[in-house]
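Student: Here it is: the structure, laid out below.
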Amino acid sequence: MMENKETSYSGINLEQGDLPITLKLLDRSMDEAIKQNSRRMIVLMGHDNIKLCFIAGIILRRAAEKMAKRLNSDKIQILYALKHNYEDAKERLKVISSLMKDFTLIDFEEIDYADTEQVLGTTYDLLVLDLINDLRPNDIGRLIGIVRGGGLIILITPHFDEWEKRITEFQELLSTPQHPVNEVRHIFKKRFIKKLLKYPGIAVYDVDKDRLVKEPGVVSLPAFKRRSLMLPEKGETLLRAYKMALTQDQVEVVKIIEKLSRRPEKGEKYIVVITADRGRGKSCAVGIGLAILAHKLRKAKGRVFIGVTAPALENVQSLMMLARRTLEAMGYKTETIERRRVIERIKARGITIEYMRPLDLLSSRPDIVAVDEAAGLQVPMLHKIWRLFDRIIFSSTIHGYEGAGRGFSIRFLKRIKEDKNTKLFEYEMNEPIRYANNDPIELWLFDTLLLDAEPAPLTEKDYEYIKSGEVKYIAPNIREWFLEDKENELRQFVGIYILAHYRNRPNDIAMMADAPHHTIRALKLPSNKIVTAVELAEEGPIPEDMIDYLKKGGWIHGNIIPDRFLKHLRDERFARYAGWRIVRIATHPNAMSLGLGSRIIEFICDEAIKRGYGWVGAGFGVNEPLLRFWLKNNFIPIHISPDRNPVSGEYTVLVIRPLKEEVKKIILQANREFRIKLLNSLVDPYDDLDPYVVRLLLFTWNNPVFKEYKPRLTEIQVERVASYAWSGMTYECVSDCVRELTLAYFYNDETNRPKLSEKEELILITKVLQARSWRACSEVLGMHPQAIMDALREITRVLVRYYYGISGA
């Protein structure tokens, strides 16, 4: 029998219906969870806020008492997440927190979903997610993993029947002016509910009807017993550091990281690569290892600086917290600099461990570099880090919120392994640190959010299909893929993205499922295997009353390419056409360079023409191979971002393939404007843009910037530049003249300029247009400075001869 204070609240009789049996079953399931070190979940659904909160409060108190007793703990940590901008959410929090305030066993903490990145890396015993106002997959993926084994998660939701039809705040953001909110699909919520009803360890209780909809069932896992650790023989100080590890996997990782205390020989590199599923303590192990390295290097050289980077500061909190705790365990007094409760820098005697954005890291000089969640960075950025530093730790999640499958190893490690001067240490962690293997809540989470999706393995027969062109272009039924019998194809599709270079987030899955302007296309083999995956977004036409608003700096949802076109190219004609933006395109990692990407683009363009679209476009972080791919498929550059992405280190380029003759004229004019802007911005801000990329962006498309452009040099300038070309004057004395000749060369197309080689064009770009030093040109082009000086003089002769008919000074 429940205590009297638990049986009556505001006239609610909690003895009736299924609540007593629900609490009994939940008690039994919690006992089972604590023995297994696994977790449980209960969903409370309904409309009665007071009753929802009161039942949640009863469950929290009972669960806290049980955990405290079984775990011999005097404080149980509860995190309650909500949307503070809703009055009803604040009322629910008020009721539940009032039920907790006299319960000294509980440490009750609330957090807004907008701030939940702050708790990544922390651990709680009990978690309450108020999902009445919103269901944002990123929040689910981020928060479910912070609950320890033996813990309980409570979801507070509307009644499922109503929830499936309700538009959430997240779904409102998926609408566009062309596709209003009433067109938003309700597929992701239905998938979420379907998976809740499928898995053991999850109970569902209808608060309004006092009915147990789903029992938690029995979870078949062995009793948990953590392995005793085999620690290395170390002195007292280092032994205290090693004792911070909780699993043998962590001990092994720390031992590997400790190897970096020895400096490589000149030209050598030491690289450590750690991979693991989420919840294995990977970041914590790296933090312990960095603290040990900092201690050893400080003793050897007096001071040590360790640079830490990741896609976001929040990604490195587990690492930073364990680094600080380990330093303190070794006797150091530490100071931390925090931003919004998140550690940015740790300082101790002679030691600095600091987070830097990837782009900032490239211009710093740390002794050791650690890259956490490395798969979230673009491969070119990872290679830059590898080339610049000689002692690096890369860690990456295989499956989980920041997971990238095994694509990180496939994409990134191949080149490193081929380098004879790089010594590579690899380790994959398997032992969970917060909860047991096969934890039912982790299985539910990975399945619901497709965190463990992987592409199908390809056979010799599959390669024959690809080589003979036996691929089928499909427009999948999204409902069938997400909710019915075609989920295997969805998992293959998403698995290709995970193994590609995209930084995948759970929100992306929900957008694919529910956004009315988003659709998916794929290439499928006769063996029913997906080999190429594409997500498309319909953009435009822009309503007439919004065109001027956008040109003046306004913003609307879901129209990236028309928005940039209007803001930067000012041509209102483009706004009248609808088109497809290729959001993401990826090919099976074992079927790259077989023409599948180009093949599906042709299918997409053919379908877009039938739909009456005016264009197909894309935006991407630009590098030479990727740009070549788009140019090869007849996509024309029209815009480049004014600065680099601080995470990828790349500029973003927009490209468009026109599908109508009138659109082609608009795009070619836009490309001319783009080239004028780029040519005159290479000194600033694009002085660091890869010259190989610049050269490709300046492709003329048989469309000169200015027809039959003549260099605008005065007679004196012509005499000076001729003296440089054929006599002893230096480049520095005539840089103004050579710049005008270079602009004339690139303003014209191939019919009105001399023929120069690729290397000669690159010299004009790096030295003349980007104004790099001779040494900087040498490093970029792989030529001796004197060879560049001689070549530039010869190029100038060619240009003066062509445009002025002069053959000597």
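So you can find residues: chains in the structure tokens are A, B, ... in the order shown, residues in each start at 1, and ligands are numbered from 1 in order.
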In stretch 97-257 of chain A, what's alpha helix (DSSP H) per DSSP? Answer as number ranges by chain?

Tutor: A: 97-100, 137-143, 160-163, 169-172, 187-196, 236-242, 248-257

Student: Can you tell me which residues surround A:Thr22 at a distance of at most 9 Å, considering only C-alpha atoms, apart from same-chain residues fewer than 2 positions away, and format the answer as a ChimeraX atom specification?

Tutor: /A:18-20,24-27,203,205,211-212,215

Student: Could you write out that same residue set with all heavy atoms as a tab-separated table (two decimals), in the first residue's frame?

Tutor:
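Once written, selection.tsv looks like this:
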```
chain	number	residue	atom	x	y	z
A	18	ASP	N	-4.68	1.03	-13.14
A	18	ASP	CA	-3.48	0.18	-13.23
A	18	ASP	C	-2.27	0.77	-12.54
A	18	ASP	O	-1.18	0.19	-12.64
A	18	ASP	CB	-3.13	-0.06	-14.71
A	18	ASP	CG	-4.13	-0.95	-15.42
A	18	ASP	OD1	-4.93	-1.60	-14.71
A	18	ASP	OD2	-4.10	-1.00	-16.66
A	19	LEU	N	-2.40	1.92	-11.87
A	19	LEU	CA	-1.19	2.53	-11.30
A	19	LEU	C	-0.50	1.64	-10.27
A	19	LEU	O	0.72	1.48	-10.33
A	19	LEU	CB	-1.51	3.89	-10.69
A	19	LEU	CG	-0.29	4.64	-10.14
A	19	LEU	CD1	0.76	4.88	-11.22
A	19	LEU	CD2	-0.69	5.95	-9.49
A	20	PRO	N	-1.23	1.03	-9.30
A	20	PRO	CA	-0.53	0.19	-8.33
A	20	PRO	C	0.26	-0.94	-8.98
A	20	PRO	O	1.43	-1.17	-8.63
A	20	PRO	CB	-1.67	-0.35	-7.45
A	20	PRO	CG	-2.74	0.69	-7.55
A	20	PRO	CD	-2.67	1.18	-8.97
A	24	LYS	N	4.39	-1.59	-9.19
A	24	LYS	CA	4.98	-2.87	-8.78
A	24	LYS	C	5.88	-3.43	-9.87
A	24	LYS	O	7.00	-3.86	-9.64
A	24	LYS	CB	3.86	-3.87	-8.46
A	24	LYS	CG	3.82	-4.31	-7.01
A	24	LYS	CD	2.70	-5.29	-6.79
A	24	LYS	CE	1.98	-4.91	-5.51
A	24	LYS	NZ	0.87	-5.82	-5.21
A	25	LEU	N	5.35	-3.42	-11.08
A	25	LEU	CA	6.13	-3.93	-12.22
A	25	LEU	C	7.38	-3.09	-12.44
A	25	LEU	O	8.45	-3.62	-12.77
A	25	LEU	CB	5.27	-3.94	-13.49
A	25	LEU	CG	4.16	-4.99	-13.55
A	25	LEU	CD1	3.26	-4.74	-14.75
A	25	LEU	CD2	4.75	-6.40	-13.62
A	26	LEU	N	7.25	-1.77	-12.26
A	26	LEU	CA	8.40	-0.90	-12.44
A	26	LEU	C	9.44	-1.16	-11.35
A	26	LEU	O	10.65	-1.17	-11.63
A	26	LEU	CB	7.95	0.56	-12.42
A	26	LEU	CG	8.97	1.59	-12.89
A	26	LEU	CD1	9.42	1.32	-14.32
A	26	LEU	CD2	8.39	3.00	-12.79
A	27	ASP	N	8.99	-1.37	-10.11
A	27	ASP	CA	9.92	-1.73	-9.03
A	27	ASP	C	10.71	-2.98	-9.39
A	27	ASP	O	11.93	-3.04	-9.23
A	27	ASP	CB	9.14	-1.99	-7.72
A	27	ASP	CG	8.76	-0.69	-7.02
A	27	ASP	OD1	9.29	0.37	-7.43
A	27	ASP	OD2	7.93	-0.73	-6.10
A	203	ALA	N	8.18	0.85	-20.29
A	203	ALA	CA	6.76	0.78	-19.93
A	203	ALA	C	6.05	2.03	-20.45
A	203	ALA	O	6.66	3.10	-20.54
A	203	ALA	CB	6.60	0.66	-18.42
A	205	TYR	N	2.42	4.22	-19.79
A	205	TYR	CA	1.25	4.34	-18.92
A	205	TYR	C	0.40	5.51	-19.37
A	205	TYR	O	0.89	6.62	-19.54
A	205	TYR	CB	1.69	4.55	-17.47
A	205	TYR	CG	0.54	4.53	-16.48
A	205	TYR	CD1	-0.04	3.32	-16.10
A	205	TYR	CD2	0.04	5.71	-15.94
A	205	TYR	CE1	-1.09	3.29	-15.21
A	205	TYR	CE2	-1.02	5.70	-15.05
A	205	TYR	CZ	-1.58	4.49	-14.69
A	205	TYR	OH	-2.64	4.46	-13.80
A	211	ARG	N	-4.36	3.46	-17.28
A	211	ARG	CA	-4.20	2.16	-17.93
A	211	ARG	C	-2.74	1.92	-18.30
A	211	ARG	O	-2.08	2.81	-18.84
A	211	ARG	CB	-5.06	2.10	-19.19
A	211	ARG	CG	-5.07	0.76	-19.91
A	211	ARG	CD	-6.16	0.73	-20.98
A	211	ARG	NE	-5.84	1.62	-22.08
A	211	ARG	CZ	-5.14	1.25	-23.18
A	211	ARG	NH1	-4.68	0.02	-23.27
A	211	ARG	NH2	-4.92	2.11	-24.14
A	212	LEU	N	-2.25	0.74	-18.00
A	212	LEU	CA	-0.90	0.33	-18.39
A	212	LEU	C	-0.96	-0.15	-19.84
A	212	LEU	O	-1.50	-1.22	-20.13
A	212	LEU	CB	-0.37	-0.76	-17.47
A	212	LEU	CG	1.05	-1.27	-17.75
A	212	LEU	CD1	2.07	-0.15	-17.65
A	212	LEU	CD2	1.42	-2.41	-16.80
A	215	GLU	N	3.71	-3.15	-20.59
A	215	GLU	CA	4.53	-3.52	-19.44
A	215	GLU	C	6.01	-3.41	-19.79
A	215	GLU	O	6.38	-3.52	-20.97
A	215	GLU	CB	4.24	-4.96	-19.00
A	215	GLU	CG	2.83	-5.16	-18.48
A	215	GLU	CD	2.63	-6.58	-17.95
A	215	GLU	OE1	3.64	-7.32	-17.78
A	215	GLU	OE2	1.47	-6.94	-17.69
```

Student: Can you tell me which residues surround stretch 802-805 of chain A at a distance of at most 12 Å, considering only C-alpha atoms, apart from same-chain residues fewer than 2 positions away, and format the answer as a PyMOL selection string?

Tutor: chain A and resi 708-715+717-719+721-722+740-742+744-745+748+752-756+795-800+807-809

Student: Among stretch 568-767 of chain A, which ones does DSSP assign to strand (DSSP E or B) (computed from the backbone)? Answer as a list in words.

Tutor: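 Of stretch 568-767 of chain A, the ones in strand (DSSP E or B) are Gly579, Trp580, Arg581, Ile582, Val583, Arg584, Ile585, Ala586, Thr587, Trp615, Val616, Gly617, Ala618, Gly619, Phe620, Gly621, Ile636, Pro637, Ile638, His639, Ile640, Thr652, Val653, Leu654, Val655, Ile656, Arg657 and Pro658 of chain A.
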
Student: Write to file, as a short mmCIF file (atom, residue, chain, number, x, y, z; two decimals), in the first residue's frame, the residues of the selection just made, with N, CA, C and O atoms.

Tutor:
```cif
data_model
loop_
_atom_site.label_atom_id
_atom_site.label_comp_id
_atom_site.auth_asym_id
_atom_site.auth_seq_id
_atom_site.Cartn_x
_atom_site.Cartn_y
_atom_site.Cartn_z
N GLY A 579 13.43 24.92 -57.89
CA GLY A 579 14.51 23.99 -58.21
C GLY A 579 14.75 23.04 -57.06
O GLY A 579 14.12 23.12 -56.00
N TRP A 580 15.68 22.12 -57.27
CA TRP A 580 16.09 21.18 -56.24
C TRP A 580 17.49 21.54 -55.76
O TRP A 580 18.41 21.67 -56.59
N ARG A 581 17.65 21.70 -54.46
CA ARG A 581 19.00 21.77 -53.89
C ARG A 581 19.39 20.38 -53.41
O ARG A 581 18.63 19.73 -52.69
N ILE A 582 20.55 19.90 -53.84
CA ILE A 582 21.06 18.62 -53.37
C ILE A 582 21.64 18.85 -51.97
O ILE A 582 22.71 19.45 -51.83
N VAL A 583 20.91 18.41 -50.96
CA VAL A 583 21.32 18.63 -49.58
C VAL A 583 22.51 17.76 -49.24
O VAL A 583 23.50 18.21 -48.66
N ARG A 584 22.40 16.47 -49.60
CA ARG A 584 23.49 15.52 -49.35
C ARG A 584 23.50 14.48 -50.45
O ARG A 584 22.45 14.02 -50.90
N ILE A 585 24.68 14.13 -50.88
CA ILE A 585 24.84 13.07 -51.87
C ILE A 585 26.04 12.22 -51.45
O ILE A 585 27.10 12.76 -51.10
N ALA A 586 25.87 10.92 -51.43
CA ALA A 586 26.96 10.04 -51.00
C ALA A 586 26.81 8.69 -51.67
O ALA A 586 25.70 8.23 -51.95
N THR A 587 27.94 8.07 -51.92
CA THR A 587 27.99 6.74 -52.53
C THR A 587 28.59 5.75 -51.54
O THR A 587 29.40 6.12 -50.70
N TRP A 615 16.17 24.60 -62.22
CA TRP A 615 17.57 24.39 -61.86
C TRP A 615 17.73 23.26 -60.83
O TRP A 615 16.77 22.89 -60.15
N VAL A 616 18.93 22.74 -60.75
CA VAL A 616 19.36 21.87 -59.65
C VAL A 616 20.65 22.48 -59.12
O VAL A 616 21.52 22.88 -59.89
N GLY A 617 20.77 22.58 -57.79
CA GLY A 617 21.95 23.22 -57.22
C GLY A 617 22.49 22.46 -56.03
O GLY A 617 21.93 21.46 -55.59
N ALA A 618 23.61 22.96 -55.52
CA ALA A 618 24.24 22.33 -54.34
C ALA A 618 25.12 23.36 -53.66
O ALA A 618 25.60 24.31 -54.28
N GLY A 619 25.36 23.15 -52.38
CA GLY A 619 26.32 23.95 -51.61
C GLY A 619 27.22 23.00 -50.84
O GLY A 619 26.75 21.98 -50.33
N PHE A 620 28.51 23.30 -50.77
CA PHE A 620 29.44 22.36 -50.14
C PHE A 620 30.70 23.09 -49.71
O PHE A 620 31.04 24.16 -50.22
N GLY A 621 31.38 22.51 -48.72
CA GLY A 621 32.69 22.99 -48.32
C GLY A 621 33.68 22.66 -49.42
O GLY A 621 33.93 21.49 -49.72
N ILE A 636 27.57 25.19 -62.31
CA ILE A 636 28.29 26.44 -62.49
C ILE A 636 28.38 27.19 -61.16
O ILE A 636 27.34 27.41 -60.51
N PRO A 637 29.57 27.60 -60.72
CA PRO A 637 29.69 28.33 -59.45
C PRO A 637 29.06 29.72 -59.54
O PRO A 637 29.24 30.42 -60.54
N ILE A 638 28.34 30.09 -58.47
CA ILE A 638 27.73 31.43 -58.45
C ILE A 638 27.98 32.19 -57.15
O ILE A 638 27.66 33.38 -57.05
N HIS A 639 28.54 31.50 -56.13
CA HIS A 639 28.75 32.20 -54.85
C HIS A 639 29.78 31.45 -54.02
O HIS A 639 29.86 30.22 -54.07
N ILE A 640 30.56 32.21 -53.25
CA ILE A 640 31.47 31.64 -52.26
C ILE A 640 31.30 32.42 -50.95
O ILE A 640 31.16 33.64 -50.98
N THR A 652 32.46 27.82 -48.27
CA THR A 652 31.29 27.17 -48.87
C THR A 652 31.04 27.77 -50.25
O THR A 652 31.01 28.99 -50.41
N VAL A 653 30.85 26.89 -51.23
CA VAL A 653 30.58 27.33 -52.60
C VAL A 653 29.19 26.84 -53.01
O VAL A 653 28.79 25.72 -52.67
N LEU A 654 28.44 27.69 -53.70
CA LEU A 654 27.16 27.30 -54.28
C LEU A 654 27.33 27.13 -55.78
O LEU A 654 27.96 27.97 -56.44
N VAL A 655 26.78 26.03 -56.30
CA VAL A 655 26.84 25.76 -57.75
C VAL A 655 25.43 25.44 -58.24
O VAL A 655 24.61 24.90 -57.51
N ILE A 656 25.17 25.78 -59.49
CA ILE A 656 23.83 25.57 -60.06
C ILE A 656 23.97 25.00 -61.47
O ILE A 656 24.80 25.46 -62.27
N ARG A 657 23.14 24.02 -61.77
CA ARG A 657 23.03 23.50 -63.14
C ARG A 657 21.67 23.95 -63.69
O ARG A 657 20.63 23.50 -63.23
N PRO A 658 21.66 24.87 -64.67
CA PRO A 658 20.39 25.35 -65.22
C PRO A 658 19.72 24.28 -66.08
O PRO A 658 20.40 23.52 -66.79
#
```

Student: With only C-alpha atoms as the basis for distance, which of A:Lys665, A:Arg739, A:Asp210, A:Trp630 is at the shortest distance from A:Leu696?

Tutor: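 Closest candidate: A:Trp630.
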
Student: Extract, using only C-alpha atoms, all DNA, RNA and protein residues at most 7 Å from stretch 303-316 of chain A, discarding same-chain residues fewer than 3 positions from it, and format them as a ChimeraX atom specification.

Tutor: /A:117-118,120,294,297-298,319-320,342,350-358,366-374,376-377,647
